[in-house]
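Below is one structure; the comments refer to it alone.
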Amino acid sequence: MDLPVLARSLCCATALALIPSVALGQVQSAPETPVTTRTMALGGGTHAIAQSTSALYVNPAAMSMSRVYHVDSAILFDPSAGRWSFGGAIVDSTRTVGAGLAYHYSLIDGDTRNHDVRIALAATLTEGVSIGLTGRYLDYIGTPTANGVRGIAYSGFTVDAGIALKPWSWLQLGITGYSLSNPETALSPLSIGGGIGIVPIDTLHIVADTVWDVNSFPSGPRARWSGGVEFLASRVPLRIGYTYDDIRINHPVHLITAGLGYIDQMFAVEAALRQEVSGGSQSTLLLNVRYFHRLL
């Protein structure tokens, strides 16, 4: 890994109002790597507020920002690619060091089979400051790297690291370094991501995020920008988001995202939609069924 390049990119992301989501790589389709319905519905980037199982995919440090024991199952359907994905996650952040485990299995056109395994740890250093680390094993079959364009075919391990900050009750910040082992794959390239979350009231979250692909393009780093709003109407979460994605081969893509669900004291059912509206036409649907263990 080129540490000077990584350091410069991190400074750049921080300087951009600390609003620097999971990295995409230079592929035309939507990202293969999993997220939760909450993250997808808010534009794909929740670095600052990605607590519970969402933290496994976006910022492991945010896992320690809440005291929970959650179990999550997920089903994703992408009709444009003929892709189904099934998986689940479990997070226990009730102790000094929080831990999480996730596994997702993807099936494309009934043939191509992909696996994504994650183990994450997070700890609170002091009030309002947490750090986290995620180890990932990816086993993806797909387009190989050729003609200077990175493919998504990859089998191996990589590591993400993040930090989450909560300087005030209404402000949350998060920064994540993705694929720090630099696996040189478009599936999950070396990237820097970060975001800001504003919480004016307990039932309202406003987020803005970005991810910078550090070294996939000869012209230099390129970014994906996103934002979203979440409002909890009693037990019904209402979410909407937007994404501008410039981490593609030929042209940028604009996407809109949305989600809703039902959250009870013991369980939740949530759905999200991601739709390309300019530069592509891909649609992705995601369903989460979640169990909340009540702490004594």
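Going by the structure tokens order, chains are called A, B, ..., each with residues numbered from 1, while ligands are numbered from 1 in the order shown.
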
Quiz item: Out of region 49-244 of chain A, which residues get helix (DSSP H, G or I) from DSSP, as a ChimeraX atom specification?
Solution: /A:52-56,60-65

Exercise. Name all residues at most 8 Å from Tyr244 (chain A) (count only C-alpha atoms; drop same-chain ones fewer than 3 positions away) and give them as a ChimeraX atom specification.
Key: /A:224-226,252-255

Exercise. Can you work out the spacing between CA of Ile75 (chain A) and CA of Glu230 (chain A) in Å, to one decimal?
Key: 21.6 Å

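Restricting the calculation to only C-alpha atoms, the smallest distance between Thr112 (chain A) and any of A:Ala81, A:Leu238, A:Val214, A:Met63 is found for A:Ala81.
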
Quiz prompt | Selection: 8 Å around Leu173 (chain A), only C-alpha atoms, excl. self and same-chain fewer than 4 positions, as a count of residues only | solution = 11

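Summary of the local environment: counting only C-alpha atoms, residues at most 10 Å from Gly132 (chain A), other than itself and those fewer than 3 positions away along its chain, are Ala55, Leu56, Asn59, Pro60, Ala61, Ala62, Met63, Ser64, Val97, Gly98, Ala99, Ala120, Leu121, Ala122, Ala123, Thr124, Asp160, Ala161, Gly162, Ile163, Ala164 and Thr176 of chain A.
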
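Proximity to Ile90 (chain A) was assessed for A:Ser234, A:Ser188, A:Ser73, A:Ser155 counting only C-alpha atoms; the smallest distance is recorded for A:Ser73.
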
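Taking only C-alpha atoms into account, Met65 (chain A) lies nearest to A:Val129 out of the set A:His251, A:Thr36, A:Leu107, A:Val129.
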
Quiz item: Quick one, how far is CA of Asp72 (chain A) from CA of Asn288 (chain A)?
Solution: 6.7 Å

Self-check item: For region 259-273 of chain A: contacts at 7 Å, only C-alpha atoms, fewer than 2 positions along chain excluded, given as a ChimeraX atom specification
Solution: /A:37,40-41,235-240,257,275,284-293

Quiz item: Which of these, A:Arg274, A:Val199, A:Thr243, A:Ile175, has the shortest distance to Pro79 (chain A) once you count only C-alpha atoms?
Solution: A:Arg274

Quiz item: Could you work out how far CA of Asp209 (chain A) lies from CA of Gly151 (chain A), giving the answer in Å with one decimal?
Solution: 25.1 Å

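Counting only C-alpha atoms, the residue from A:Asn114, A:Thr53, A:Thr39, A:Ser281 that sits nearest to Asp139 (chain A) is A:Asn114.
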
Exercise. Can you work out which one of A:Arg38, A:Arg67, A:His205, A:His104 has the shortest atom-to-atom distance to Gly87 (chain A), counting only C-alpha atoms?
Key: A:His104

From a DSSP calculation on the backbone, collect every residue of region 47-188 of chain A in strand (DSSP E) and output the set as a compact mmCIF listing (two decimals) with C-alpha atoms, in the first residue's frame.
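Result file is selection.txt:
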```txt
# COMPACT_ATOMS: atom_id res chain seq x y z
CA TYR A 69 -27.43 -6.92 20.11
CA HIS A 70 -28.96 -7.25 16.64
CA VAL A 71 -29.43 -10.07 14.14
CA ASP A 72 -30.11 -9.17 10.51
CA SER A 73 -31.17 -11.18 7.45
CA ALA A 74 -31.18 -9.80 3.90
CA ILE A 75 -32.52 -10.62 0.43
CA LEU A 76 -31.47 -8.54 -2.60
CA PHE A 77 -32.84 -8.72 -6.15
CA ASP A 78 -31.35 -6.97 -9.17
CA ARG A 83 -28.71 -11.19 -9.45
CA TRP A 84 -30.02 -12.56 -6.15
CA SER A 85 -28.18 -12.14 -2.87
CA PHE A 86 -28.94 -13.79 0.47
CA GLY A 87 -27.17 -13.14 3.72
CA GLY A 88 -27.21 -11.99 7.27
CA ALA A 89 -25.27 -10.32 10.05
CA ILE A 90 -25.01 -10.27 13.81
CA VAL A 91 -23.63 -7.45 15.95
CA ASP A 92 -22.98 -7.34 19.69
CA VAL A 97 -15.18 -4.20 22.48
CA GLY A 98 -18.03 -4.60 20.02
CA ALA A 99 -17.98 -7.38 17.45
CA GLY A 100 -19.85 -8.26 14.28
CA LEU A 101 -20.03 -11.07 11.74
CA ALA A 102 -21.68 -11.08 8.31
CA TYR A 103 -21.98 -13.45 5.35
CA HIS A 104 -23.59 -12.88 1.93
CA TYR A 105 -24.03 -15.23 -0.99
CA SER A 106 -24.80 -13.88 -4.46
CA LEU A 107 -26.14 -15.72 -7.47
CA ILE A 108 -26.05 -14.10 -10.93
CA THR A 112 -22.11 -17.17 -11.09
CA ARG A 113 -21.74 -17.57 -7.33
CA ASN A 114 -20.07 -14.98 -5.07
CA HIS A 115 -19.22 -14.95 -1.37
CA ASP A 116 -18.61 -12.07 1.04
CA VAL A 117 -17.51 -12.75 4.65
CA ARG A 118 -16.83 -10.01 7.22
CA ILE A 119 -15.59 -9.93 10.81
CA ALA A 120 -15.45 -6.56 12.57
CA LEU A 121 -14.25 -5.22 15.91
CA ALA A 122 -14.86 -1.77 17.41
CA ALA A 123 -13.95 0.01 20.62
CA THR A 124 -14.70 3.35 22.26
CA LEU A 125 -11.51 5.24 23.09
CA THR A 126 -13.27 8.00 24.98
CA VAL A 129 -14.62 8.71 19.81
CA SER A 130 -14.59 5.14 18.46
CA ILE A 131 -12.32 3.13 16.18
CA GLY A 132 -13.01 -0.07 14.27
CA LEU A 133 -11.50 -2.69 11.98
CA THR A 134 -13.14 -5.07 9.49
CA GLY A 135 -11.48 -8.11 7.97
CA ARG A 136 -13.08 -9.24 4.71
CA TYR A 137 -12.84 -12.34 2.57
CA LEU A 138 -14.15 -11.87 -0.98
CA ASP A 139 -14.63 -14.69 -3.48
CA TYR A 140 -16.15 -13.22 -6.65
CA TYR A 154 -11.13 -11.66 -7.08
CA SER A 155 -10.54 -14.18 -4.31
CA GLY A 156 -8.71 -13.09 -1.18
CA PHE A 157 -8.63 -11.03 1.98
CA THR A 158 -8.60 -7.30 2.62
CA VAL A 159 -9.06 -4.91 5.55
CA ASP A 160 -11.13 -1.79 6.27
CA ALA A 161 -10.49 0.63 9.15
CA GLY A 162 -12.61 3.49 10.43
CA ILE A 163 -13.11 6.18 13.03
CA ALA A 164 -16.40 7.62 14.30
CA LEU A 165 -16.76 10.92 16.15
CA LYS A 166 -19.67 12.49 18.02
CA PRO A 167 -18.49 15.92 19.22
CA TRP A 168 -22.04 17.04 20.01
CA LEU A 171 -23.40 16.08 15.00
CA GLN A 172 -21.72 12.81 13.99
CA LEU A 173 -18.68 12.26 11.73
CA GLY A 174 -17.11 9.16 10.22
CA ILE A 175 -14.10 8.27 8.05
CA THR A 176 -13.25 4.84 6.60
CA GLY A 177 -10.30 3.48 4.67
CA TYR A 178 -11.44 0.63 2.41
```

Self-check item: 10 Å contact set for Asp202 (chain A), only C-alpha atoms, chain neighbours under 5 positions out, as an NGL selection string
Solution: :A and (169-170 or 231-232)

Once you have the residues from the selection above, write them out as an mmCIF file, in the first residue's frame, restricted to C-alpha atoms.
```
data_model
loop_
_atom_site.group_PDB
_atom_site.id
_atom_site.type_symbol
_atom_site.label_atom_id
_atom_site.label_comp_id
_atom_site.auth_asym_id
_atom_site.auth_seq_id
_atom_site.Cartn_x
_atom_site.Cartn_y
_atom_site.Cartn_z
ATOM 1 C CA SER A 169 -25.372 15.260 20.343
ATOM 2 C CA TRP A 170 -26.582 16.714 17.028
ATOM 3 C CA PHE A 231 -37.489 10.511 9.371
ATOM 4 C CA LEU A 232 -38.968 8.102 11.894
#
```

Non-local contacts of region 189-193 of chain A (6 Å; only C-alpha atoms; under 2 positions in same chain excluded) as an mmCIF file with N, CA and C atoms, in the first residue's frame:
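The result, stored in selection_15.cif:
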```cif
data_model
loop_
_atom_site.group_PDB
_atom_site.id
_atom_site.type_symbol
_atom_site.label_atom_id
_atom_site.label_comp_id
_atom_site.auth_asym_id
_atom_site.auth_seq_id
_atom_site.Cartn_x
_atom_site.Cartn_y
_atom_site.Cartn_z
ATOM 1 N N PRO A 20 -16.396 13.425 2.872
ATOM 2 C CA PRO A 20 -15.743 12.776 1.781
ATOM 3 C C PRO A 20 -16.473 11.590 1.280
ATOM 4 N N GLY A 25 -15.467 1.028 -7.537
ATOM 5 C CA GLY A 25 -14.574 0.553 -8.567
ATOM 6 C C GLY A 25 -15.145 0.857 -9.948
ATOM 7 N N ILE A 175 -15.061 8.437 9.146
ATOM 8 C CA ILE A 175 -14.104 8.271 8.053
ATOM 9 C C ILE A 175 -13.686 6.798 8.000
ATOM 10 N N THR A 176 -13.629 6.247 6.789
ATOM 11 C CA THR A 176 -13.253 4.840 6.604
ATOM 12 C C THR A 176 -12.231 4.709 5.493
ATOM 13 N N GLY A 177 -11.218 3.890 5.725
ATOM 14 C CA GLY A 177 -10.299 3.479 4.673
ATOM 15 C C GLY A 177 -10.678 2.073 4.228
ATOM 16 N N TYR A 178 -10.999 1.917 2.939
ATOM 17 C CA TYR A 178 -11.445 0.634 2.408
ATOM 18 C C TYR A 178 -10.310 -0.097 1.693
ATOM 19 N N SER A 179 -10.299 -1.413 1.827
ATOM 20 C CA SER A 179 -9.347 -2.271 1.108
ATOM 21 C C SER A 179 -7.917 -1.761 1.273
ATOM 22 N N LEU A 180 -7.490 -1.632 2.525
ATOM 23 C CA LEU A 180 -6.184 -1.052 2.812
ATOM 24 C C LEU A 180 -5.031 -1.940 2.363
ATOM 25 N N ASN A 182 -4.910 -2.969 -0.571
ATOM 26 C CA ASN A 182 -4.839 -2.621 -1.994
ATOM 27 C C ASN A 182 -4.894 -3.862 -2.885
ATOM 28 N N GLU A 184 -6.239 -4.337 -5.666
ATOM 29 C CA GLU A 184 -6.207 -4.020 -7.093
ATOM 30 C C GLU A 184 -7.330 -4.722 -7.853
ATOM 31 N N THR A 185 -8.546 -4.542 -7.376
ATOM 32 C CA THR A 185 -9.735 -5.052 -8.034
ATOM 33 C C THR A 185 -10.797 -3.974 -8.040
ATOM 34 N N ALA A 186 -11.567 -3.895 -9.129
ATOM 35 C CA ALA A 186 -12.646 -2.919 -9.205
ATOM 36 C C ALA A 186 -13.769 -3.243 -8.235
ATOM 37 N N THR A 210 -19.182 10.725 0.886
ATOM 38 C CA THR A 210 -18.460 10.520 -0.360
ATOM 39 C C THR A 210 -17.446 9.410 -0.186
ATOM 40 N N VAL A 211 -17.060 8.792 -1.301
ATOM 41 C CA VAL A 211 -15.961 7.825 -1.355
ATOM 42 C C VAL A 211 -15.050 8.216 -2.506
ATOM 43 N N TRP A 212 -13.741 8.180 -2.248
ATOM 44 C CA TRP A 212 -12.747 8.497 -3.273
ATOM 45 C C TRP A 212 -11.979 7.239 -3.624
ATOM 46 N N ASP A 213 -12.103 6.792 -4.866
ATOM 47 C CA ASP A 213 -11.289 5.693 -5.390
ATOM 48 C C ASP A 213 -9.895 6.254 -5.650
ATOM 49 N N VAL A 214 -8.907 5.768 -4.913
ATOM 50 C CA VAL A 214 -7.592 6.394 -4.892
ATOM 51 C C VAL A 214 -6.766 6.126 -6.144
#
```
